[in-house]
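*Asks:* One structure, as structure tokens, below. Some questions next.
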Amino acid sequence: MRILVQKFGGTSLANNDRREQVVKKIMEAVKDGYAPVVVISAIGRTGDPYATDTLINLVQSITADAPKREMDLLLSCGEVISGVILTSTLKKRGFEAVLLTGGQAGIITNESYGDARITRVEPKNILEHLHKSQIVVVTGFQGISEKGQITTLGRGGSDTTAAALGVALNAEAIDIYTDVEGIMTADPRIVEDVRILDVVTYNEICHLAHQGAKVIHPRAVEIAMQKNIPIWIKSPFSDAPGTLVTSLQGDMKAGTDITGDRLITGIAHTANITQIQVSTHGMDAQLQANKQIFKGMALSDISVDFISVQQDCVFYTVPDGLAQKALDILINMGFQPKAVPGCAKVSVVGAGIAGVPGVMANIVEALSDAGVGILQSADSHTTIWVLVKKEHMVPAVQALHKKFQLGI
Ligand code: ADP
Ligand code: MG
């Protein structure tokens, strides 16, 4: 059996016309001889009646501190609603289809409500339905714990469901249908002349996704990469082939002209970051102080970024939402931290960056010319990050995109 996982995001399912396109893509897969496993997200975006954010707002209007277990029960309904609608549409058109919840599809997770991890997949139930020639629709973004609790997987969780099923079912490919025609050199919402990338490696898109390119969740890429299952990112409203995500080795075998010569893959951005500055100047045990700061953050589950430890001060960033918590911890420890809210991280990602001289010089030149001040920078062998004020984020992405000639 040739299994194809097809995942459809919320905007693709938002109304009847769009669902017609989705049905068309499923039918094409059947015609091509595939047994489709269709993973769906909740319908629409914030404000739409059954979108995930709308469900969150329902409870947050009552309390900001809703019980996590019950929140997951509520959130899991968004995908159930959208799944029932799609399955009914398929049946009305005369196709044999069945809807399975995450739990019924064998997605087993830990019990971290709101951000659960898939621990294993038991695809027996899905396979039984596929053997009966049924189209299996699975609610994305959710699973069930060993003790039978319903859990959700966090933002982008439907991508993760699709990847986990792709691996467990040894699918021929995982098609991620979204509202763009592929992975682009930057977010098309902020750069006009973006280019669609034909092929990217798992590593390239993983780095882009970790730095904020939300076109696919990085966890999904990591899962698919384990078994080398190809991922296609494409739009249900277009016949464009989309972007193939694969390993470099596979591409070379296929003779595709790929990423070998590519210096920069794309520019990603993340807003809503606070920089924290802690002076350790004059402290008796400076090394102890450094240790204490990061241990304090780790013990409170605050993930830190952009760390820069200097002789008498420490800088790092946290998401805006965790800034007050971080400050309280530091003040309790006897520090006098300073917070710089309203920052954004802009990342230049490219597997070709390593050891190439002049990349940083180009970044600094592009940003200075655009009047963007760099608050902090850091680099690895694949990424150069700059921290800028939030109002400089869009001009920074645009300037870097232009400087590295990534556009069409
Ligand atoms: P879905 O609901 O289908 O999962 P998402 O909103 O999660 O869709 O992801 C698609 C969005 O990702 C696009 O609308 C686009 O604005 C954004 N995006 C950010 N960076 C990129 C990029 N490099 N390439 C393509 N899309 C990107
Ligand atoms: Mg998404």
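Numbering starts fresh at 1 for the residues of each chain in the structure tokens, the chains themselves are lettered A, B, ... in the order given, and ligands are numbered from 1 as they appear.
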Could you give me, as a compact mmCIF listing (two decimals) with N, CA and C atoms, in the first residue's frame, every polymer residue with an atom at most 7 Å away from an atom of ligand 2, counting only C-alpha atoms and all ligand atoms?

*Replies:*
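That gives us pocket.txt:
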# COMPACT_ATOMS: atom_id res chain seq x y z
N GLY A 9 -3.96 22.95 6.61
CA GLY A 9 -4.00 23.96 7.67
C GLY A 9 -5.35 24.63 7.75
N GLY A 156 1.43 24.77 15.93
CA GLY A 156 2.00 24.01 14.81
C GLY A 156 1.88 22.51 15.00
N ASP A 159 1.22 19.88 12.15
CA ASP A 159 2.38 19.50 11.33
C ASP A 159 3.08 18.29 11.97
N LYS A 214 7.14 30.28 10.41
CA LYS A 214 6.17 29.32 10.94
C LYS A 214 5.49 28.48 9.86
N VAL A 215 6.02 28.50 8.65
CA VAL A 215 5.41 27.73 7.57
C VAL A 215 5.34 26.23 7.88
N ILE A 216 6.28 25.74 8.68
CA ILE A 216 6.18 24.36 9.19
C ILE A 216 6.81 24.33 10.57
N HIS A 217 6.30 23.44 11.43
CA HIS A 217 6.86 23.37 12.78
C HIS A 217 8.18 22.58 12.77

*Asks:* Using only C-alpha atoms and all ligand atoms, what table do you get, as JSON lines, when you list each residue of chain A with an atom no more than 10 Å from ligand 1, its nearest pair of atoms, and their distance in Å rounded to one decimal, rows by chain then rising number?

*Replies:*
{"residue": "A:Lys7", "atom": "CA", "partner": "ligand 1", "partner_atom_place_in_ligand_line": "3 (O)", "distance": 8.4}
{"residue": "A:Phe8", "atom": "CA", "partner": "ligand 1", "partner_atom_place_in_ligand_line": "3 (O)", "distance": 6.3}
{"residue": "A:Gly9", "atom": "CA", "partner": "ligand 1", "partner_atom_place_in_ligand_line": "3 (O)", "distance": 3.3}
{"residue": "A:Gly10", "atom": "CA", "partner": "ligand 1", "partner_atom_place_in_ligand_line": "2 (O)", "distance": 4.5}
{"residue": "A:Thr11", "atom": "CA", "partner": "ligand 1", "partner_atom_place_in_ligand_line": "2 (O)", "distance": 5.7}
{"residue": "A:Ser12", "atom": "CA", "partner": "ligand 1", "partner_atom_place_in_ligand_line": "3 (O)", "distance": 6.9}
{"residue": "A:Leu13", "atom": "CA", "partner": "ligand 1", "partner_atom_place_in_ligand_line": "2 (O)", "distance": 9.4}
{"residue": "A:Ile40", "atom": "CA", "partner": "ligand 1", "partner_atom_place_in_ligand_line": "3 (O)", "distance": 9.5}
{"residue": "A:Ser41", "atom": "CA", "partner": "ligand 1", "partner_atom_place_in_ligand_line": "2 (O)", "distance": 7.2}
{"residue": "A:Ala42", "atom": "CA", "partner": "ligand 1", "partner_atom_place_in_ligand_line": "2 (O)", "distance": 8.6}
{"residue": "A:Ile43", "atom": "CA", "partner": "ligand 1", "partner_atom_place_in_ligand_line": "2 (O)", "distance": 8.9}
{"residue": "A:Gly44", "atom": "CA", "partner": "ligand 1", "partner_atom_place_in_ligand_line": "2 (O)", "distance": 7.8}
{"residue": "A:Arg45", "atom": "CA", "partner": "ligand 1", "partner_atom_place_in_ligand_line": "2 (O)", "distance": 7.8}
{"residue": "A:Arg155", "atom": "CA", "partner": "ligand 1", "partner_atom_place_in_ligand_line": "7 (O)", "distance": 8.2}
{"residue": "A:Gly156", "atom": "CA", "partner": "ligand 1", "partner_atom_place_in_ligand_line": "7 (O)", "distance": 6.1}
{"residue": "A:Gly157", "atom": "CA", "partner": "ligand 1", "partner_atom_place_in_ligand_line": "4 (O)", "distance": 8.8}
{"residue": "A:Ser158", "atom": "CA", "partner": "ligand 1", "partner_atom_place_in_ligand_line": "4 (O)", "distance": 7.4}
{"residue": "A:Asp159", "atom": "CA", "partner": "ligand 1", "partner_atom_place_in_ligand_line": "4 (O)", "distance": 7.1}
{"residue": "A:Ile176", "atom": "CA", "partner": "ligand 1", "partner_atom_place_in_ligand_line": "3 (O)", "distance": 7.6}
{"residue": "A:Tyr177", "atom": "CA", "partner": "ligand 1", "partner_atom_place_in_ligand_line": "3 (O)", "distance": 6.2}
{"residue": "A:Thr178", "atom": "CA", "partner": "ligand 1", "partner_atom_place_in_ligand_line": "3 (O)", "distance": 3.6}
{"residue": "A:Asp179", "atom": "CA", "partner": "ligand 1", "partner_atom_place_in_ligand_line": "14 (O)", "distance": 5.3}
{"residue": "A:Val180", "atom": "CA", "partner": "ligand 1", "partner_atom_place_in_ligand_line": "13 (C)", "distance": 5.6}
{"residue": "A:Glu181", "atom": "CA", "partner": "ligand 1", "partner_atom_place_in_ligand_line": "25 (C)", "distance": 7.6}
{"residue": "A:Gly182", "atom": "CA", "partner": "ligand 1", "partner_atom_place_in_ligand_line": "25 (C)", "distance": 5.8}
{"residue": "A:Ile183", "atom": "CA", "partner": "ligand 1", "partner_atom_place_in_ligand_line": "24 (N)", "distance": 3.8}
{"residue": "A:Met184", "atom": "CA", "partner": "ligand 1", "partner_atom_place_in_ligand_line": "24 (N)", "distance": 3.7}
{"residue": "A:Thr185", "atom": "CA", "partner": "ligand 1", "partner_atom_place_in_ligand_line": "23 (N)", "distance": 5.2}
{"residue": "A:Ala186", "atom": "CA", "partner": "ligand 1", "partner_atom_place_in_ligand_line": "23 (N)", "distance": 4.1}
{"residue": "A:Asp187", "atom": "CA", "partner": "ligand 1", "partner_atom_place_in_ligand_line": "20 (N)", "distance": 3.7}
{"residue": "A:Pro188", "atom": "CA", "partner": "ligand 1", "partner_atom_place_in_ligand_line": "16 (O)", "distance": 5.7}
{"residue": "A:Arg189", "atom": "CA", "partner": "ligand 1", "partner_atom_place_in_ligand_line": "16 (O)", "distance": 5.2}
{"residue": "A:Ile190", "atom": "CA", "partner": "ligand 1", "partner_atom_place_in_ligand_line": "16 (O)", "distance": 8.2}
{"residue": "A:Val191", "atom": "CA", "partner": "ligand 1", "partner_atom_place_in_ligand_line": "20 (N)", "distance": 9.9}
{"residue": "A:Val194", "atom": "CA", "partner": "ligand 1", "partner_atom_place_in_ligand_line": "24 (N)", "distance": 8.4}
{"residue": "A:Arg195", "atom": "CA", "partner": "ligand 1", "partner_atom_place_in_ligand_line": "24 (N)", "distance": 8.8}
{"residue": "A:Ile196", "atom": "CA", "partner": "ligand 1", "partner_atom_place_in_ligand_line": "24 (N)", "distance": 7.6}
{"residue": "A:Leu197", "atom": "CA", "partner": "ligand 1", "partner_atom_place_in_ligand_line": "24 (N)", "distance": 8.7}
{"residue": "A:Ile205", "atom": "CA", "partner": "ligand 1", "partner_atom_place_in_ligand_line": "23 (N)", "distance": 8.5}
{"residue": "A:Leu208", "atom": "CA", "partner": "ligand 1", "partner_atom_place_in_ligand_line": "23 (N)", "distance": 7.1}
{"residue": "A:Ala209", "atom": "CA", "partner": "ligand 1", "partner_atom_place_in_ligand_line": "20 (N)", "distance": 7.7}
{"residue": "A:Gln211", "atom": "CA", "partner": "ligand 1", "partner_atom_place_in_ligand_line": "20 (N)", "distance": 9.4}
{"residue": "A:Gly212", "atom": "CA", "partner": "ligand 1", "partner_atom_place_in_ligand_line": "20 (N)", "distance": 6.9}
{"residue": "A:Ala213", "atom": "CA", "partner": "ligand 1", "partner_atom_place_in_ligand_line": "20 (N)", "distance": 3.6}
{"residue": "A:Lys214", "atom": "CA", "partner": "ligand 1", "partner_atom_place_in_ligand_line": "12 (O)", "distance": 4.6}
{"residue": "A:Val215", "atom": "CA", "partner": "ligand 1", "partner_atom_place_in_ligand_line": "12 (O)", "distance": 3.6}
{"residue": "A:Ile216", "atom": "CA", "partner": "ligand 1", "partner_atom_place_in_ligand_line": "9 (O)", "distance": 6.3}
{"residue": "A:His217", "atom": "CA", "partner": "ligand 1", "partner_atom_place_in_ligand_line": "7 (O)", "distance": 7.8}
{"residue": "A:Ile233", "atom": "CA", "partner": "ligand 1", "partner_atom_place_in_ligand_line": "25 (C)", "distance": 8.9}
{"residue": "A:Lys234", "atom": "CA", "partner": "ligand 1", "partner_atom_place_in_ligand_line": "3 (O)", "distance": 9.5}
{"residue": "A:Ser235", "atom": "CA", "partner": "ligand 1", "partner_atom_place_in_ligand_line": "3 (O)", "distance": 8.8}
{"residue": "A:Thr243", "atom": "CA", "partner": "ligand 1", "partner_atom_place_in_ligand_line": "24 (N)", "distance": 9.7}
{"residue": "A:Thr265", "atom": "CA", "partner": "ligand 1", "partner_atom_place_in_ligand_line": "23 (N)", "distance": 9.1}
{"residue": "A:Gly266", "atom": "CA", "partner": "ligand 1", "partner_atom_place_in_ligand_line": "23 (N)", "distance": 6.6}
{"residue": "A:Ile267", "atom": "CA", "partner": "ligand 1", "partner_atom_place_in_ligand_line": "23 (N)", "distance": 7.1}
{"residue": "A:Ala268", "atom": "CA", "partner": "ligand 1", "partner_atom_place_in_ligand_line": "20 (N)", "distance": 6.4}
{"residue": "A:His269", "atom": "CA", "partner": "ligand 1", "partner_atom_place_in_ligand_line": "20 (N)", "distance": 8.0}
{"residue": "A:Thr270", "atom": "CA", "partner": "ligand 1", "partner_atom_place_in_ligand_line": "19 (C)", "distance": 9.8}

*Asks:* Quick one: pick out all strand (DSSP E) residues within stretch 309-384 of chain A from a backbone DSSP run and write them as an NGL selection string.

*Replies:* :A and (309 or 313-319 or 338-349 or 376-379 or 383-384)

*Asks:* Mind writing the picked residues with N, CA and C atoms as a PDB file, in the first residue's frame?

*Replies:*
ATOM      1  N   VAL A 309      27.769  36.512  28.096  1.00  0.00           N
ATOM      2  CA  VAL A 309      28.325  36.690  29.441  1.00  0.00           C
ATOM      3  C   VAL A 309      29.598  37.500  29.312  1.00  0.00           C
ATOM      4  N   CYS A 313      28.922  41.939  33.281  1.00  0.00           N
ATOM      5  CA  CYS A 313      27.472  41.926  33.066  1.00  0.00           C
ATOM      6  C   CYS A 313      27.061  40.710  32.239  1.00  0.00           C
ATOM      7  N   VAL A 314      25.779  40.401  32.320  1.00  0.00           N
ATOM      8  CA  VAL A 314      25.219  39.268  31.586  1.00  0.00           C
ATOM      9  C   VAL A 314      24.000  39.788  30.811  1.00  0.00           C
ATOM     10  N   PHE A 315      23.935  39.457  29.524  1.00  0.00           N
ATOM     11  CA  PHE A 315      22.771  39.807  28.710  1.00  0.00           C
ATOM     12  C   PHE A 315      22.110  38.515  28.247  1.00  0.00           C
ATOM     13  N   TYR A 316      20.826  38.513  28.177  1.00  0.00           N
ATOM     14  CA  TYR A 316      20.144  37.424  27.455  1.00  0.00           C
ATOM     15  C   TYR A 316      18.726  37.857  27.141  1.00  0.00           C
ATOM     16  N   THR A 317      18.049  37.054  26.320  1.00  0.00           N
ATOM     17  CA  THR A 317      16.670  37.412  25.964  1.00  0.00           C
ATOM     18  C   THR A 317      15.707  36.318  26.409  1.00  0.00           C
ATOM     19  N   VAL A 318      14.466  36.751  26.654  1.00  0.00           N
ATOM     20  CA  VAL A 318      13.378  35.818  26.965  1.00  0.00           C
ATOM     21  C   VAL A 318      12.144  36.293  26.178  1.00  0.00           C
ATOM     22  N   PRO A 319      11.167  35.422  25.960  1.00  0.00           N
ATOM     23  CA  PRO A 319       9.927  35.910  25.325  1.00  0.00           C
ATOM     24  C   PRO A 319       9.276  36.953  26.230  1.00  0.00           C
ATOM     25  N   LYS A 338      17.844  44.895  34.454  1.00  0.00           N
ATOM     26  CA  LYS A 338      17.171  45.898  33.649  1.00  0.00           C
ATOM     27  C   LYS A 338      16.522  45.165  32.461  1.00  0.00           C
ATOM     28  N   ALA A 339      15.310  45.551  32.107  1.00  0.00           N
ATOM     29  CA  ALA A 339      14.636  44.887  30.981  1.00  0.00           C
ATOM     30  C   ALA A 339      14.506  45.844  29.810  1.00  0.00           C
ATOM     31  N   VAL A 340      14.801  45.355  28.607  1.00  0.00           N
ATOM     32  CA  VAL A 340      14.560  46.136  27.390  1.00  0.00           C
ATOM     33  C   VAL A 340      13.476  45.404  26.597  1.00  0.00           C
ATOM     34  N   PRO A 341      12.190  45.786  26.798  1.00  0.00           N
ATOM     35  CA  PRO A 341      11.112  45.091  26.077  1.00  0.00           C
ATOM     36  C   PRO A 341      11.042  45.568  24.632  1.00  0.00           C
ATOM     37  N   GLY A 342      10.176  44.922  23.849  1.00  0.00           N
ATOM     38  CA  GLY A 342       9.949  45.375  22.471  1.00  0.00           C
ATOM     39  C   GLY A 342      11.124  45.120  21.547  1.00  0.00           C
ATOM     40  N   CYS A 343      11.765  43.976  21.687  1.00  0.00           N
ATOM     41  CA  CYS A 343      12.860  43.627  20.768  1.00  0.00           C
ATOM     42  C   CYS A 343      12.374  42.555  19.789  1.00  0.00           C
ATOM     43  N   ALA A 344      13.166  42.318  18.768  1.00  0.00           N
ATOM     44  CA  ALA A 344      12.856  41.269  17.797  1.00  0.00           C
ATOM     45  C   ALA A 344      14.162  40.641  17.343  1.00  0.00           C
ATOM     46  N   LYS A 345      14.062  39.372  16.963  1.00  0.00           N
ATOM     47  CA  LYS A 345      15.258  38.677  16.494  1.00  0.00           C
ATOM     48  C   LYS A 345      15.130  38.457  14.997  1.00  0.00           C
ATOM     49  N   VAL A 346      16.150  38.856  14.248  1.00  0.00           N
ATOM     50  CA  VAL A 346      16.161  38.637  12.804  1.00  0.00           C
ATOM     51  C   VAL A 346      17.317  37.682  12.513  1.00  0.00           C
ATOM     52  N   SER A 347      17.030  36.617  11.776  1.00  0.00           N
ATOM     53  CA  SER A 347      18.045  35.582  11.566  1.00  0.00           C
ATOM     54  C   SER A 347      18.334  35.379  10.087  1.00  0.00           C
ATOM     55  N   VAL A 348      19.605  35.355   9.772  1.00  0.00           N
ATOM     56  CA  VAL A 348      20.047  35.037   8.414  1.00  0.00           C
ATOM     57  C   VAL A 348      20.478  33.572   8.442  1.00  0.00           C
ATOM     58  N   VAL A 349      19.769  32.724   7.693  1.00  0.00           N
ATOM     59  CA  VAL A 349      20.009  31.287   7.783  1.00  0.00           C
ATOM     60  C   VAL A 349      20.584  30.764   6.471  1.00  0.00           C
ATOM     61  N   GLN A 376      22.375  43.408  19.719  1.00  0.00           N
ATOM     62  CA  GLN A 376      23.215  42.263  20.072  1.00  0.00           C
ATOM     63  C   GLN A 376      23.313  41.384  18.841  1.00  0.00           C
ATOM     64  N   SER A 377      24.365  40.590  18.730  1.00  0.00           N
ATOM     65  CA  SER A 377      24.401  39.630  17.626  1.00  0.00           C
ATOM     66  C   SER A 377      25.040  38.340  18.111  1.00  0.00           C
ATOM     67  N   ALA A 378      24.795  37.282  17.364  1.00  0.00           N
ATOM     68  CA  ALA A 378      25.401  35.989  17.695  1.00  0.00           C
ATOM     69  C   ALA A 378      25.456  35.182  16.413  1.00  0.00           C
ATOM     70  N   ASP A 379      26.275  34.147  16.390  1.00  0.00           N
ATOM     71  CA  ASP A 379      26.316  33.339  15.175  1.00  0.00           C
ATOM     72  C   ASP A 379      26.642  31.890  15.466  1.00  0.00           C
ATOM     73  N   THR A 383      23.717  30.046  11.076  1.00  0.00           N
ATOM     74  CA  THR A 383      22.815  31.170  11.306  1.00  0.00           C
ATOM     75  C   THR A 383      23.559  32.354  11.910  1.00  0.00           C
ATOM     76  N   ILE A 384      23.193  33.562  11.454  1.00  0.00           N
ATOM     77  CA  ILE A 384      23.659  34.770  12.148  1.00  0.00           C
ATOM     78  C   ILE A 384      22.410  35.494  12.635  1.00  0.00           C
TER      79      ILE A 384
END

*Asks:* With distances taken over only C-alpha atoms, which of A:Ala354, A:Val167, A:Ile331, A:Val394 is nearest to A:Ala370?

*Replies:*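 Ranking A:Ala354, A:Val167, A:Ile331, A:Val394 by distance to A:Ala370, first place goes to A:Val394.
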
*Asks:* Which neighbours of A:Ala220 fall inside 7 Å, counting only C-alpha atoms, when residues of the same chain fewer than 2 positions from it are skipped, and could you give them as a ChimeraX atom specification?

*Replies:* /A:159-160,163,217-218,222-224

*Asks:* Which residues come within 12 Å of A:Thr89, counting only C-alpha atoms, excluding same-chain residues fewer than 4 positions away, as a ChimeraX atom specification?

*Replies:* /A:13,15-24,26,82-85,93-99,137

*Asks:* Could you check which of A:Gln311, A:Gln398, A:Ser300, A:Ser88 is closest to A:Gly282, using only C-alpha atoms?

*Replies:*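 The answer is A:Gln311, which sits nearest to A:Gly282.
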
*Asks:* Please identify which residues in stretch 142-285 of chain A DSSP calls helix (DSSP H, G or I) from the backbone, and express them as a PyMOL selection string.

*Replies:* chain A and resi 157-168+202-210+218-226+248-254+259-261

*Asks:* Mind writing the picked residues with N, CA, C and O atoms as a short mmCIF file (atom, residue, chain, number, x, y, z; two decimals), in the first residue's frame?

*Replies:*
data_model
loop_
_atom_site.label_atom_id
_atom_site.label_comp_id
_atom_site.auth_asym_id
_atom_site.auth_seq_id
_atom_site.Cartn_x
_atom_site.Cartn_y
_atom_site.Cartn_z
N GLY A 157 1.07 22.10 15.99
CA GLY A 157 1.00 20.68 16.36
C GLY A 157 0.47 19.76 15.26
O GLY A 157 0.82 18.58 15.23
N SER A 158 -0.35 20.30 14.35
CA SER A 158 -0.87 19.43 13.29
C SER A 158 0.24 19.00 12.34
O SER A 158 0.20 17.90 11.78
N ASP A 159 1.22 19.88 12.15
CA ASP A 159 2.38 19.50 11.33
C ASP A 159 3.08 18.29 11.97
O ASP A 159 3.50 17.35 11.30
N THR A 160 3.19 18.35 13.30
CA THR A 160 3.86 17.28 14.04
C THR A 160 3.07 15.97 13.91
O THR A 160 3.64 14.90 13.71
N THR A 161 1.74 16.07 14.02
CA THR A 161 0.91 14.87 13.85
C THR A 161 1.17 14.26 12.47
O THR A 161 1.38 13.05 12.34
N ALA A 162 1.18 15.12 11.44
CA ALA A 162 1.38 14.63 10.07
C ALA A 162 2.73 13.92 9.94
O ALA A 162 2.83 12.83 9.35
N ALA A 163 3.76 14.52 10.51
CA ALA A 163 5.10 13.93 10.39
C ALA A 163 5.17 12.61 11.15
O ALA A 163 5.71 11.62 10.64
N ALA A 164 4.58 12.57 12.35
CA ALA A 164 4.63 11.34 13.16
C ALA A 164 3.89 10.21 12.44
O ALA A 164 4.35 9.07 12.41
N LEU A 165 2.76 10.54 11.82
CA LEU A 165 2.02 9.50 11.09
C LEU A 165 2.78 9.08 9.85
O LEU A 165 2.83 7.90 9.50
N GLY A 166 3.41 10.05 9.19
CA GLY A 166 4.21 9.74 8.01
C GLY A 166 5.29 8.72 8.33
O GLY A 166 5.50 7.74 7.59
N VAL A 167 5.95 8.92 9.46
CA VAL A 167 7.02 8.01 9.86
C VAL A 167 6.44 6.66 10.28
O VAL A 167 6.89 5.59 9.83
N ALA A 168 5.38 6.68 11.12
CA ALA A 168 4.82 5.43 11.64
C ALA A 168 4.23 4.57 10.53
O ALA A 168 4.25 3.34 10.60
N TYR A 202 16.31 19.19 5.17
CA TYR A 202 15.66 19.17 6.49
C TYR A 202 16.36 20.19 7.40
O TYR A 202 15.72 20.90 8.15
N ASN A 203 17.68 20.20 7.33
CA ASN A 203 18.43 21.10 8.23
C ASN A 203 18.13 22.56 7.96
O ASN A 203 17.91 23.33 8.89
N GLU A 204 18.11 22.93 6.69
CA GLU A 204 17.85 24.33 6.37
C GLU A 204 16.49 24.78 6.90
O GLU A 204 16.37 25.82 7.55
N ILE A 205 15.45 23.99 6.63
CA ILE A 205 14.12 24.43 7.05
C ILE A 205 13.98 24.35 8.57
O ILE A 205 13.29 25.15 9.20
N CYS A 206 14.67 23.40 9.17
CA CYS A 206 14.65 23.30 10.63
C CYS A 206 15.19 24.58 11.24
O CYS A 206 14.61 25.14 12.16
N HIS A 207 16.32 25.06 10.71
CA HIS A 207 16.90 26.30 11.25
C HIS A 207 15.95 27.47 11.01
O HIS A 207 15.70 28.26 11.92
N LEU A 208 15.41 27.56 9.79
CA LEU A 208 14.47 28.66 9.50
C LEU A 208 13.26 28.60 10.43
O LEU A 208 12.84 29.62 10.98
N ALA A 209 12.73 27.39 10.61
CA ALA A 209 11.52 27.25 11.44
C ALA A 209 11.82 27.57 12.90
O ALA A 209 11.03 28.24 13.57
N HIS A 210 12.96 27.12 13.39
CA HIS A 210 13.33 27.44 14.79
C HIS A 210 13.47 28.94 14.98
O HIS A 210 13.26 29.45 16.07
N PRO A 218 9.22 23.10 13.43
CA PRO A 218 10.51 22.42 13.38
C PRO A 218 10.47 20.97 13.88
O PRO A 218 11.17 20.11 13.37
N ARG A 219 9.62 20.71 14.86
CA ARG A 219 9.53 19.36 15.41
C ARG A 219 9.09 18.37 14.31
O ARG A 219 9.56 17.24 14.24
N ALA A 220 8.17 18.85 13.45
CA ALA A 220 7.68 18.00 12.37
C ALA A 220 8.83 17.63 11.43
O ALA A 220 8.95 16.48 10.99
N VAL A 221 9.68 18.60 11.17
CA VAL A 221 10.82 18.36 10.27
C VAL A 221 11.77 17.35 10.91
O VAL A 221 12.23 16.40 10.25
N GLU A 222 12.02 17.53 12.21
CA GLU A 222 12.94 16.62 12.90
C GLU A 222 12.42 15.19 12.87
O GLU A 222 13.19 14.24 12.70
N ILE A 223 11.11 15.03 13.03
CA ILE A 223 10.52 13.69 13.03
C ILE A 223 10.64 13.06 11.63
O ILE A 223 11.11 11.93 11.49
N ALA A 224 10.26 13.80 10.60
CA ALA A 224 10.29 13.24 9.23
C ALA A 224 11.72 12.89 8.82
O ALA A 224 11.96 11.90 8.12
N MET A 225 12.66 13.70 9.32
CA MET A 225 14.07 13.50 8.96
C MET A 225 14.59 12.15 9.48
O MET A 225 15.42 11.52 8.84
N GLN A 226 14.05 11.70 10.63
CA GLN A 226 14.54 10.44 11.20
C GLN A 226 14.41 9.29 10.21
O GLN A 226 15.23 8.39 10.17
N LEU A 248 20.14 16.08 1.83
CA LEU A 248 21.05 16.45 0.75
C LEU A 248 21.40 15.24 -0.09
O LEU A 248 21.42 15.28 -1.31
N GLN A 249 21.62 14.11 0.62
CA GLN A 249 22.03 12.89 -0.05
C GLN A 249 21.00 12.45 -1.09
O GLN A 249 21.33 12.17 -2.22
N GLY A 250 19.73 12.47 -0.67
CA GLY A 250 18.64 12.06 -1.55
C GLY A 250 18.60 12.92 -2.80
O GLY A 250 18.44 12.43 -3.90
N ASP A 251 18.83 14.22 -2.59
CA ASP A 251 18.74 15.14 -3.72
C ASP A 251 19.83 14.87 -4.73
O ASP A 251 19.63 14.96 -5.93
N MET A 252 21.01 14.57 -4.18
CA MET A 252 22.13 14.38 -5.10
C MET A 252 21.89 13.15 -5.96
O MET A 252 22.14 13.15 -7.13
N LYS A 253 21.25 12.14 -5.31
CA LYS A 253 20.93 10.93 -6.06
C LYS A 253 19.97 11.25 -7.21
O LYS A 253 20.11 10.78 -8.31
N ALA A 254 19.00 12.12 -6.88
CA ALA A 254 18.00 12.46 -7.90
C ALA A 254 18.55 13.44 -8.92
O ALA A 254 17.89 13.77 -9.88
N THR A 259 21.20 22.62 -2.87
CA THR A 259 21.60 23.69 -1.99
C THR A 259 23.11 23.85 -1.88
O THR A 259 23.56 24.75 -1.20
N GLY A 260 23.88 22.97 -2.52
CA GLY A 260 25.32 22.99 -2.35
C GLY A 260 25.94 24.38 -2.48
O GLY A 260 26.77 24.78 -1.67
N ASP A 261 25.50 25.12 -3.50
CA ASP A 261 26.12 26.41 -3.75
C ASP A 261 25.42 27.55 -3.02
O ASP A 261 25.84 28.68 -3.10
#

*Asks:* Which of these residues is nearest to A:Ala271, using only C-alpha atoms: A:Leu387, A:Ala51, A:Ala171, A:Val80?

*Replies:* A:Leu387

*Asks:* List the spatial neighbours of A:Ser303 as a VMD selection string - criterion: any atom at most 12 Å away, only C-alpha atoms, same-chain residues fewer than 5 positions off excluded.

*Replies:* chain A and resid 273 294 to 298 316 to 323 325 to 326

*Asks:* Which residue gives the smallest distance to A:Ile56 among A:Cys77, A:Ile118, A:Ala105, A:Ile302, with only C-alpha atoms counted?

*Replies:*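 Nearest candidate to A:Ile56 out of A:Cys77, A:Ile118, A:Ala105, A:Ile302: A:Cys77.
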
*Asks:* In Å, how far is it from atom CA of A:Gln6 to atom CA of A:Leu86?

*Replies:*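 Taking atom CA of A:Gln6 as the start and atom CA of A:Leu86 as the end point, the length is 13.0 Å.
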
*Asks:* So how far away is atom CA of A:Ala399 from atom CA of A:Asp193, in Å?

*Replies:*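 So the two atoms, atom CA of A:Asp193 and atom CA of A:Ala399, lie 12.0 Å apart.
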
*Asks:* Distance atom CA of A:Ala14-atom CA of A:Ser238, one decimal place?

*Replies:*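 For atom CA of A:Ala14 relative to atom CA of A:Ser238, the distance reads 16.4 Å.
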